[in-house]
There are 2 protein chains.
Amino acid sequence: METDVRPARKYEKVVGAIKDAISRGELAYGDALPPERAMIDQFGVSRGSLREAFSVLELLGLIESKPGSGRFVRSPHAFPEGSSAGAVPLESSAVLELMEARRILDPAIASEAARRSSPSDMTRIRRILTSTRENLDDLTHRARSDFDFHMALASATQNFLFVNIVRMEFNLIMATHESIYGLLEDKCAFADEHEALYEAITVHDANRASAAASLHIDRIYRTLLGAFAMFQP
Amino acid sequence: METDVRPARKYEKVVGAIKDAISRGELAYGDALPPERAMIDQFGVSRGSLREAFSVLELLGLIESKPGSGRFVRSPHAFPEGSSAGAVPLESSAVLELMEARRILDPAIASEAARRSSPSDMTRIRRILTSTRENLDDLTHRARSDFDFHMALASATQNFLFVNIVRMEFNLIMATHESIYGLLEDKCAFADEHEALYEAITVHDANRASAAASLHIDRIYRTLLGAFAMFQP
DNA sequence: GATATAAATTGGTCGGTCCAATTTTGCGCG
DNA sequence: CGCGCAAAATTGGACCGACCAATTTATATC
């Protein structure tokens with residue numbers, strides 16, 4: 001019964017807590033966070049872990065550090081003020097923002113992968129795809145497969161900048177909405193689209209690969225859009 | 001006489017040293033780096049600083065960490081083995097790889113900025129452009145302007161993923177080739193292209209913005225290609 | 001030869017020190 | 001009383017050395 005593959009780092013707890021506080025409205029735009037030394041007691045973590053949490057929150061665009069002054073909440077997006085039962089607006093806005101970027105980035109990466117992929121890249125991707133089919137019902141397995149697939153695609157571009165971008169994409173997915181895969185119900189479409197993408201890359205058809213990636217991410221985007229719409233007026 | 005704006009962090013020294021060692025061939029693909037505890041003495045830095053250096057080198061795709069085993073050199077690109085007078089191959093291959101990615105990413109970002117930019121974004125970019133013109137001969141000022149301009153462009157997309165990508169691009173530029181701006185002699189073209197890009201974004205012409213960005217980065221890419229070709233047989 | 005054990009290595013965390021930037025306080029002076 | 005400037009307190013930034021855990025590799029033992 002392995003519930004969590006990840007070792008649950010301390011800083012993640014802090015990130016979650018602050019993120020939730022912003023979602024609930026306890027921390028609003030412009031507000032100052034408590035000073036480091038106070039938060040150390042508050043969360044019971046060391047300064048190093050705290051700083052790591054801050055660096056993530058800064059990367060997410062949620063807070064801003066001003067040396068000598070303090071840390072302040074930055075509005076990442078403009079989202080409705082008086083939203084009841086909180087937690088949704090921030091999460092959804094961040095995830096949609098991420099997906100909007102992926103609608104542009106992923107087709108470009110797929111196209112580049114189609115141009116430069118080597119046979120060994122393709123066998124690796126092939127292996128990942130079969131592993132994906134094996135256990136489509138397990139949520140964490142699906143998430144893991146998705147990550148592996150897109151990382152393999154990125155490394156097939158032979159360009160580490162794309163690898164880093166995909167790594168960043170999935171870091172953000174995990175940081176902002178771990179349960180996102182629960183919303184994507186259509187498991188078969190998930191696997192089918194990955195396979196279509198694989199086929200296009202195998203024959204080095206950049207245009208078809210780009211189109212396949214577009215279809216894939218567009219469907220996900222629309223699905224999430226629909227799911228989030230149910231939470232908001 | 002301010003030679004370095006940046007405070008010269010400890011880990012940067014380590015990154016440079018290891019990068020140079022790889023360039024010189026002292027460390028080749030597959031070689032194991034000395035263990036952390038040994039490098040602490042070797043470089044006279046703490047473990048924290050060392051780990052920070054490793055994280056950068058890992059991001060650059062130069063090394064790979066295997067828990068319980070050690071850290072190993074990864075070939076980032078295949079580049080000529082017996083290259084004399086070293087230092088060039090790694091640097092140039094990494095920079096060209098970065099620029100190849102930018103040829104794809106930057107037009108996409110420019111196009112998105114054209115679609116979503118607000119008036120306040122444009123005034124900020126306008127200010128950066130006039131500042132750029134003011135001191136075109138100073139190398140560090142030009143580098144700073146370039147960074148500011150592209151960061152402003154990224155934030156005009158209203159999407160923090162693009163902001164992070166541009167931040168990453170310039171982190172890599174600084175990490176791999178700080179003197180890169182010395183190779184880009186045509187100062188006027190530099191400023192002109194930025195202005196053309198600005199114009200396209202102001203009128204929200206996504207296609208023109210994308211084209212302008214392509215022209216800009218393509219010229220830089222060709223210039224660097226030419227400059228590096230002189231170092232290699 | 002197989003297995004248990006020990007050693008070596010990286011990963012994560014902690015609690016400090018010192019420094020730079022900023023803000024706040026307080027004092028002197030007009 | 002009000003203003004301005006300097007000292008002090010507050011805050012984040014960088015760094016250090018130590019500790020223990022997880023994992024891999026080497027070694028010893030049967």
# chains A, B, ... in the order shown; residues from 1 in each chain; ligands from 1
$ closest_atom_pairs --of "chain A" --to "chain C" --cutoff "9 Å" --atoms "only C-alpha atoms (C1' of nucleotides)" --output "tab-separated table"
residue	atom	partner	partner_atom	distance
A:Arg9	CA	C:DG12	C1'	8.0
A:Lys10	CA	C:DT13	C1'	8.6
A:Val45	CA	C:DC14	C1'	8.2
A:Ser46	CA	C:DC14	C1'	5.8
A:Arg47	CA	C:DC14	C1'	8.2
A:Gly48	CA	C:DT13	C1'	8.0
A:Ser49	CA	C:DT13	C1'	7.5
A:Lys66	CA	C:DT22	C1'	8.7
A:Pro67	CA	C:DA21	C1'	5.8
A:Gly68	CA	C:DT22	C1'	4.2
A:Ser69	CA	C:DT22	C1'	5.5
$ write_last_selection --atoms "N, CA and C atoms" --output "compact mmCIF listing (two decimals), in the first residue's frame"
# COMPACT_ATOMS: atom_id res chain seq x y z
N ARG A 9 8.61 16.03 1.29
CA ARG A 9 9.59 16.97 1.80
C ARG A 9 8.92 18.01 2.68
N LYS A 10 9.70 18.51 3.61
CA LYS A 10 9.17 19.47 4.56
C LYS A 10 8.64 20.73 3.87
N VAL A 45 9.83 24.15 11.19
CA VAL A 45 10.85 23.71 10.24
C VAL A 45 12.06 24.64 10.33
N SER A 46 13.13 24.20 9.74
CA SER A 46 14.33 25.02 9.78
C SER A 46 14.25 26.14 8.74
N ARG A 47 15.22 27.03 8.85
CA ARG A 47 15.19 28.16 7.93
C ARG A 47 15.44 27.70 6.50
N GLY A 48 16.30 26.73 6.34
CA GLY A 48 16.60 26.23 5.01
C GLY A 48 15.36 25.69 4.31
N SER A 49 14.59 24.87 5.01
CA SER A 49 13.37 24.33 4.41
C SER A 49 12.40 25.44 4.07
N LYS A 66 11.29 41.04 -0.64
CA LYS A 66 11.97 42.33 -0.65
C LYS A 66 12.97 42.36 0.51
N PRO A 67 14.26 42.28 0.18
CA PRO A 67 15.29 42.24 1.22
C PRO A 67 15.17 43.42 2.16
N GLY A 68 15.24 43.13 3.42
CA GLY A 68 15.17 44.19 4.42
C GLY A 68 13.76 44.60 4.77
N SER A 69 12.82 44.16 3.98
CA SER A 69 11.44 44.58 4.19
C SER A 69 10.55 43.40 4.59
$ residues_around --residues "segment 31-38 of chain A" --least-positions-apart "4" --cutoff "12 Å" --atoms "only C-alpha atoms (C1' of nucleotides)" --output "ChimeraX atom specification"
/A:18-19,21-22,25-27,42-54,62-75 /C:15 /D:10-13
$ write_last_selection --atoms "C-alpha atoms (C1' of nucleotides)" --output "tab-separated table (two decimals), in the first residue's frame"
chain	number	residue	atom	x	y	z
A	18	ILE	CA	0.65	29.24	2.33
A	19	LYS	CA	-1.06	28.39	-0.93
A	21	ALA	CA	-4.04	30.56	3.09
A	22	ILE	CA	-4.02	32.63	-0.09
A	25	GLY	CA	-8.36	34.75	1.47
A	26	GLU	CA	-6.46	34.87	4.76
A	27	LEU	CA	-3.62	36.31	2.76
A	42	GLN	CA	4.96	28.53	13.35
A	43	PHE	CA	5.72	25.62	11.04
A	44	GLY	CA	8.38	23.92	13.11
A	45	VAL	CA	10.85	23.71	10.24
A	46	SER	CA	14.33	25.02	9.78
A	47	ARG	CA	15.19	28.16	7.93
A	48	GLY	CA	16.60	26.23	5.01
A	49	SER	CA	13.37	24.33	4.41
A	50	LEU	CA	11.42	27.53	4.75
A	51	ARG	CA	13.60	29.28	2.21
A	52	GLU	CA	13.12	26.38	-0.19
A	53	ALA	CA	9.37	26.77	0.15
A	54	PHE	CA	9.68	30.47	-0.57
A	62	LEU	CA	2.58	33.82	-5.62
A	63	ILE	CA	4.94	35.82	-3.41
A	64	GLU	CA	7.70	38.34	-3.78
A	65	SER	CA	10.72	38.88	-1.53
A	66	LYS	CA	11.97	42.33	-0.65
A	67	PRO	CA	15.29	42.24	1.22
A	68	GLY	CA	15.17	44.19	4.42
A	69	SER	CA	11.44	44.58	4.19
A	70	GLY	CA	9.59	41.30	3.99
A	71	ARG	CA	7.74	38.89	1.72
A	72	PHE	CA	4.51	39.93	0.07
A	73	VAL	CA	1.65	38.23	-1.70
A	74	ARG	CA	1.48	38.92	-5.41
A	75	SER	CA	-1.72	38.37	-7.30
C	15	DG	C1'	20.38	25.47	13.99
D	10	DT	C1'	14.15	44.20	11.77
D	11	DT	C1'	14.37	41.49	7.81
D	12	DG	C1'	15.95	38.66	4.01
D	13	DG	C1'	20.51	36.59	1.73
$ select_by_dssp --residues "segment 48-216 of chain A" --states "strand (DSSP E or B)" --output "ChimeraX atom specification"
/A:63-66,70-73
$ write_last_selection --atoms "C-alpha atoms" --output "short mmCIF file (atom, residue, chain, number, x, y, z; two decimals), in the first residue's frame"
data_model
loop_
_atom_site.label_atom_id
_atom_site.label_comp_id
_atom_site.auth_asym_id
_atom_site.auth_seq_id
_atom_site.Cartn_x
_atom_site.Cartn_y
_atom_site.Cartn_z
CA ILE A 63 4.94 35.82 -3.41
CA GLU A 64 7.70 38.34 -3.78
CA SER A 65 10.72 38.88 -1.53
CA LYS A 66 11.97 42.33 -0.65
CA GLY A 70 9.59 41.30 3.99
CA ARG A 71 7.74 38.89 1.72
CA PHE A 72 4.51 39.93 0.07
CA VAL A 73 1.65 38.23 -1.70
#
$ interface_residues --of "chain D" --to "chain B" --cutoff "6 Å" --atoms "only C-alpha atoms (C1' of nucleotides)" --output "PyMOL selection string"
chain D and resi 16+23-24
$ select_by_dssp --residues "segment 13-160 of chain A" --states "helix (DSSP H, G or I)" --output "CSV table (one decimal) with N, CA and C atoms, in the first residue's frame"
chain,number,residue,atom,x,y,z
A,13,LYS,N,5.1,21.0,2.6
A,13,LYS,CA,4.0,21.2,3.6
A,13,LYS,C,3.8,22.7,3.7
A,14,VAL,N,4.9,23.5,3.8
A,14,VAL,CA,4.8,24.9,3.9
A,14,VAL,C,4.2,25.5,2.7
A,15,VAL,N,4.6,25.1,1.5
A,15,VAL,CA,4.1,25.6,0.3
A,15,VAL,C,2.6,25.4,0.3
A,16,GLY,N,2.1,24.2,0.6
A,16,GLY,CA,0.7,23.9,0.6
A,16,GLY,C,0.0,24.8,1.6
A,17,ALA,N,0.5,25.0,2.8
A,17,ALA,CA,-0.1,25.8,3.8
A,17,ALA,C,-0.3,27.3,3.3
A,18,ILE,N,0.7,27.8,2.8
A,18,ILE,CA,0.6,29.2,2.3
A,18,ILE,C,-0.3,29.4,1.1
A,19,LYS,N,-0.2,28.4,0.2
A,19,LYS,CA,-1.1,28.4,-0.9
A,19,LYS,C,-2.5,28.4,-0.5
A,20,ASP,N,-2.8,27.5,0.5
A,20,ASP,CA,-4.2,27.4,1.0
A,20,ASP,C,-4.6,28.7,1.6
A,21,ALA,N,-3.7,29.3,2.4
A,21,ALA,CA,-4.0,30.6,3.1
A,21,ALA,C,-4.4,31.6,2.1
A,22,ILE,N,-3.7,31.6,1.0
A,22,ILE,CA,-4.0,32.6,-0.1
A,22,ILE,C,-5.4,32.3,-0.7
A,23,SER,N,-5.6,31.0,-1.0
A,23,SER,CA,-6.8,30.6,-1.6
A,23,SER,C,-8.0,31.0,-0.7
A,24,ARG,N,-7.9,30.8,0.6
A,24,ARG,CA,-9.0,31.0,1.6
A,24,ARG,C,-9.1,32.5,1.8
A,36,GLU,N,10.6,35.5,8.5
A,36,GLU,CA,11.1,34.1,8.5
A,36,GLU,C,11.2,33.6,9.9
A,37,ARG,N,11.8,34.3,10.8
A,37,ARG,CA,12.1,33.8,12.2
A,37,ARG,C,10.8,33.4,12.9
A,38,ALA,N,9.7,34.1,12.6
A,38,ALA,CA,8.4,33.8,13.2
A,38,ALA,C,7.9,32.5,12.6
A,39,MET,N,8.0,32.4,11.3
A,39,MET,CA,7.5,31.2,10.6
A,39,MET,C,8.2,29.9,11.0
A,40,ILE,N,9.5,30.1,11.3
A,40,ILE,CA,10.2,28.9,11.8
A,40,ILE,C,9.5,28.2,13.0
A,41,ASP,N,9.1,29.1,13.9
A,41,ASP,CA,8.3,28.5,15.1
A,41,ASP,C,7.0,28.0,14.6
A,42,GLN,N,6.3,28.8,13.8
A,42,GLN,CA,5.0,28.5,13.4
A,42,GLN,C,4.9,27.2,12.7
A,43,PHE,N,5.8,26.9,11.8
A,43,PHE,CA,5.7,25.6,11.0
A,43,PHE,C,6.6,24.5,11.6
A,47,ARG,N,15.2,27.0,8.9
A,47,ARG,CA,15.2,28.2,7.9
A,47,ARG,C,15.4,27.7,6.5
A,48,GLY,N,16.3,26.7,6.3
A,48,GLY,CA,16.6,26.2,5.0
A,48,GLY,C,15.4,25.7,4.3
A,49,SER,N,14.6,24.9,5.0
A,49,SER,CA,13.4,24.3,4.4
A,49,SER,C,12.4,25.4,4.1
A,50,LEU,N,12.3,26.4,5.0
A,50,LEU,CA,11.4,27.5,4.8
A,50,LEU,C,11.8,28.3,3.5
A,51,ARG,N,13.1,28.5,3.4
A,51,ARG,CA,13.6,29.3,2.2
A,51,ARG,C,13.3,28.5,0.9
A,52,GLU,N,13.4,27.2,1.0
A,52,GLU,CA,13.1,26.4,-0.2
A,52,GLU,C,11.6,26.5,-0.6
A,53,ALA,N,10.8,26.6,0.4
A,53,ALA,CA,9.4,26.8,0.1
A,53,ALA,C,9.2,28.1,-0.5
A,54,PHE,N,9.8,29.1,0.0
A,54,PHE,CA,9.7,30.5,-0.6
A,54,PHE,C,10.1,30.5,-2.0
A,55,SER,N,11.2,29.8,-2.3
A,55,SER,CA,11.7,29.8,-3.7
A,55,SER,C,10.7,29.2,-4.6
A,56,VAL,N,10.0,28.2,-4.2
A,56,VAL,CA,9.0,27.6,-5.0
A,56,VAL,C,7.8,28.6,-5.2
A,57,LEU,N,7.4,29.2,-4.1
A,57,LEU,CA,6.2,30.1,-4.2
A,57,LEU,C,6.6,31.3,-5.0
A,58,GLU,N,7.8,31.7,-5.0
A,58,GLU,CA,8.3,32.8,-5.9
A,58,GLU,C,8.2,32.4,-7.3
A,59,LEU,N,8.6,31.1,-7.6
A,59,LEU,CA,8.6,30.6,-8.9
A,59,LEU,C,7.2,30.5,-9.4
A,88,VAL,N,-10.7,26.8,-4.7
A,88,VAL,CA,-10.8,26.6,-6.1
A,88,VAL,C,-10.2,27.7,-7.0
A,89,PRO,N,-10.5,28.9,-6.8
A,89,PRO,CA,-10.1,30.0,-7.7
A,89,PRO,C,-8.6,30.0,-8.0
A,90,LEU,N,-7.8,30.0,-7.0
A,90,LEU,CA,-6.3,30.1,-7.2
A,90,LEU,C,-5.8,28.9,-7.9
A,91,GLU,N,-6.2,27.7,-7.4
A,91,GLU,CA,-5.8,26.5,-8.0
A,91,GLU,C,-6.2,26.4,-9.5
A,92,SER,N,-7.4,26.7,-9.8
A,92,SER,CA,-7.8,26.6,-11.2
A,92,SER,C,-7.2,27.6,-12.1
A,93,SER,N,-7.0,28.8,-11.6
A,93,SER,CA,-6.4,29.8,-12.4
A,93,SER,C,-5.0,29.5,-12.7
A,94,ALA,N,-4.3,29.0,-11.7
A,94,ALA,CA,-2.9,28.6,-11.9
A,94,ALA,C,-2.8,27.4,-12.9
A,95,VAL,N,-3.7,26.4,-12.8
A,95,VAL,CA,-3.6,25.3,-13.7
A,95,VAL,C,-4.0,25.7,-15.1
A,96,LEU,N,-5.0,26.5,-15.2
A,96,LEU,CA,-5.4,26.9,-16.6
A,96,LEU,C,-4.3,27.7,-17.2
A,97,GLU,N,-3.6,28.6,-16.4
A,97,GLU,CA,-2.5,29.3,-17.0
A,97,GLU,C,-1.4,28.4,-17.5
A,98,LEU,N,-1.1,27.4,-16.7
A,98,LEU,CA,-0.2,26.4,-17.1
A,98,LEU,C,-0.6,25.7,-18.4
A,99,MET,N,-1.8,25.3,-18.5
A,99,MET,CA,-2.3,24.6,-19.6
A,99,MET,C,-2.3,25.5,-20.9
A,100,GLU,N,-2.6,26.8,-20.7
A,100,GLU,CA,-2.5,27.7,-21.8
A,100,GLU,C,-1.1,27.8,-22.4
A,101,ALA,N,-0.1,27.7,-21.5
A,101,ALA,CA,1.2,27.7,-22.0
A,101,ALA,C,1.6,26.4,-22.7
A,102,ARG,N,1.1,25.3,-22.1
A,102,ARG,CA,1.4,24.0,-22.7
A,102,ARG,C,0.7,23.9,-24.1
A,103,ARG,N,-0.4,24.6,-24.3
A,103,ARG,CA,-1.0,24.5,-25.6
A,103,ARG,C,-0.1,25.1,-26.7
A,104,ILE,N,0.8,26.0,-26.3
A,104,ILE,CA,1.8,26.5,-27.2
A,104,ILE,C,3.1,25.7,-27.2
A,105,LEU,N,3.5,25.3,-26.0
A,105,LEU,CA,4.8,24.7,-25.9
A,105,LEU,C,4.9,23.3,-26.4
A,106,ASP,N,3.9,22.5,-26.0
A,106,ASP,CA,3.9,21.1,-26.2
A,106,ASP,C,4.0,20.7,-27.7
A,107,PRO,N,3.1,21.4,-28.6
A,107,PRO,CA,3.2,21.1,-30.0
A,107,PRO,C,4.6,21.4,-30.5
A,108,ALA,N,5.2,22.5,-30.1
A,108,ALA,CA,6.6,22.9,-30.5
A,108,ALA,C,7.6,21.8,-30.1
A,109,ILE,N,7.5,21.3,-28.9
A,109,ILE,CA,8.4,20.3,-28.5
A,109,ILE,C,8.2,19.0,-29.3
A,110,ALA,N,6.9,18.6,-29.5
A,110,ALA,CA,6.6,17.4,-30.3
A,110,ALA,C,7.2,17.5,-31.7
A,111,SER,N,7.0,18.6,-32.3
A,111,SER,CA,7.5,18.9,-33.6
A,111,SER,C,9.0,18.7,-33.6
A,112,GLU,N,9.7,19.3,-32.7
A,112,GLU,CA,11.1,19.2,-32.6
A,112,GLU,C,11.6,17.7,-32.3
A,113,ALA,N,10.8,17.1,-31.5
A,113,ALA,CA,11.2,15.7,-31.2
A,113,ALA,C,11.0,14.8,-32.5
A,114,ALA,N,10.0,15.1,-33.3
A,114,ALA,CA,9.9,14.4,-34.5
A,114,ALA,C,11.1,14.6,-35.5
A,115,ARG,N,11.6,15.8,-35.4
A,115,ARG,CA,12.8,16.1,-36.3
A,115,ARG,C,14.1,15.3,-35.8
A,116,ARG,N,14.3,15.3,-34.5
A,116,ARG,CA,15.6,14.9,-34.0
A,116,ARG,C,15.7,13.6,-33.3
A,119,PRO,N,16.5,6.3,-32.8
A,119,PRO,CA,15.9,5.0,-32.6
A,119,PRO,C,15.8,4.7,-31.1
A,120,SER,N,16.9,4.9,-30.4
A,120,SER,CA,16.9,4.6,-28.9
A,120,SER,C,15.9,5.4,-28.2
A,121,ASP,N,15.7,6.6,-28.6
A,121,ASP,CA,14.6,7.4,-28.0
A,121,ASP,C,13.2,6.7,-28.2
A,122,MET,N,13.0,6.3,-29.4
A,122,MET,CA,11.7,5.7,-29.7
A,122,MET,C,11.5,4.4,-28.9
A,123,THR,N,12.5,3.6,-28.8
A,123,THR,CA,12.3,2.3,-28.0
A,123,THR,C,11.9,2.7,-26.6
A,124,ARG,N,12.6,3.7,-26.0
A,124,ARG,CA,12.3,4.1,-24.7
A,124,ARG,C,10.8,4.6,-24.5
A,125,ILE,N,10.4,5.4,-25.5
A,125,ILE,CA,9.0,5.9,-25.5
A,125,ILE,C,8.1,4.7,-25.6
A,126,ARG,N,8.4,3.8,-26.5
A,126,ARG,CA,7.6,2.6,-26.7
A,126,ARG,C,7.4,1.9,-25.4
A,127,ARG,N,8.5,1.7,-24.7
A,127,ARG,CA,8.4,1.0,-23.4
A,127,ARG,C,7.5,1.7,-22.4
A,128,ILE,N,7.6,3.0,-22.4
A,128,ILE,CA,6.7,3.8,-21.5
A,128,ILE,C,5.2,3.6,-21.9
A,129,LEU,N,5.0,3.6,-23.2
A,129,LEU,CA,3.6,3.5,-23.6
A,129,LEU,C,3.0,2.1,-23.2
A,130,THR,N,3.7,1.0,-23.4
A,130,THR,CA,3.2,-0.3,-22.9
A,130,THR,C,3.0,-0.3,-21.4
A,131,SER,N,3.9,0.3,-20.7
A,131,SER,CA,3.7,0.4,-19.2
A,131,SER,C,2.5,1.2,-18.9
A,132,THR,N,2.2,2.2,-19.7
A,132,THR,CA,1.0,3.0,-19.4
A,132,THR,C,-0.3,2.2,-19.5
A,133,ARG,N,-0.3,1.4,-20.6
A,133,ARG,CA,-1.5,0.5,-20.8
A,133,ARG,C,-1.8,-0.4,-19.7
A,134,GLU,N,-0.7,-0.9,-19.1
A,134,GLU,CA,-0.8,-1.9,-18.1
A,134,GLU,C,-1.7,-1.7,-16.9
A,139,LEU,N,-4.4,5.9,-10.4
A,139,LEU,CA,-4.2,7.3,-10.7
A,139,LEU,C,-2.8,7.8,-10.7
A,140,THR,N,-2.1,7.3,-9.6
A,140,THR,CA,-0.7,7.8,-9.5
A,140,THR,C,0.2,7.1,-10.6
A,141,HIS,N,-0.2,5.9,-11.0
A,141,HIS,CA,0.5,5.3,-12.2
A,141,HIS,C,0.3,6.1,-13.4
A,142,ARG,N,-0.9,6.6,-13.6
A,142,ARG,CA,-1.2,7.4,-14.8
A,142,ARG,C,-0.4,8.7,-14.8
A,143,ALA,N,-0.4,9.3,-13.6
A,143,ALA,CA,0.4,10.6,-13.5
A,143,ALA,C,1.9,10.3,-13.8
A,144,ARG,N,2.4,9.2,-13.2
A,144,ARG,CA,3.8,8.9,-13.5
A,144,ARG,C,4.1,8.6,-15.0
A,145,SER,N,3.2,7.9,-15.6
A,145,SER,CA,3.3,7.6,-17.0
A,145,SER,C,3.3,8.9,-17.8
A,146,ASP,N,2.4,9.8,-17.5
A,146,ASP,CA,2.3,11.0,-18.3
A,146,ASP,C,3.6,11.8,-18.2
A,147,PHE,N,4.1,11.9,-17.0
A,147,PHE,CA,5.4,12.6,-16.7
A,147,PHE,C,6.5,11.9,-17.5
A,148,ASP,N,6.6,10.6,-17.4
A,148,ASP,CA,7.7,9.9,-18.1
A,148,ASP,C,7.6,10.1,-19.6
A,149,PHE,N,6.4,10.0,-20.2
A,149,PHE,CA,6.2,10.1,-21.6
A,149,PHE,C,6.6,11.5,-22.1
A,150,HIS,N,6.2,12.5,-21.4
A,150,HIS,CA,6.5,13.9,-21.9
A,150,HIS,C,8.0,14.2,-21.6
A,151,MET,N,8.6,13.6,-20.6
A,151,MET,CA,10.0,13.8,-20.4
A,151,MET,C,10.8,13.1,-21.5
A,152,ALA,N,10.4,11.9,-21.9
A,152,ALA,CA,11.1,11.2,-22.9
A,152,ALA,C,11.0,11.9,-24.2
A,153,LEU,N,9.8,12.5,-24.5
A,153,LEU,CA,9.6,13.4,-25.7
A,153,LEU,C,10.6,14.5,-25.7
A,154,ALA,N,10.7,15.1,-24.5
A,154,ALA,CA,11.6,16.3,-24.4
A,154,ALA,C,13.0,15.9,-24.6
A,155,SER,N,13.4,14.8,-24.1
A,155,SER,CA,14.8,14.4,-24.2
A,155,SER,C,15.1,13.9,-25.7
A,156,ALA,N,14.0,13.5,-26.4
A,156,ALA,CA,14.2,13.2,-27.8
A,156,ALA,C,14.5,14.4,-28.6
A,160,PHE,N,18.4,20.2,-23.9
A,160,PHE,CA,18.1,20.2,-22.5
A,160,PHE,C,17.2,21.3,-22.0
$ atom_distance --atom1 "atom CA of Ile173 of chain A" --atom2 "atom CA of Asp205 of chain A"
28.7 Å
$ atom_distance --atom1 "atom CA of Tyr221 of chain A" --atom2 "atom CA of His204 of chain B"
24.4 Å
$ closest_residue --among "B:His194, B:Ala189, B:Gly30, B:Leu60" --to "chain A" --atoms "only C-alpha atoms"
B:Leu60
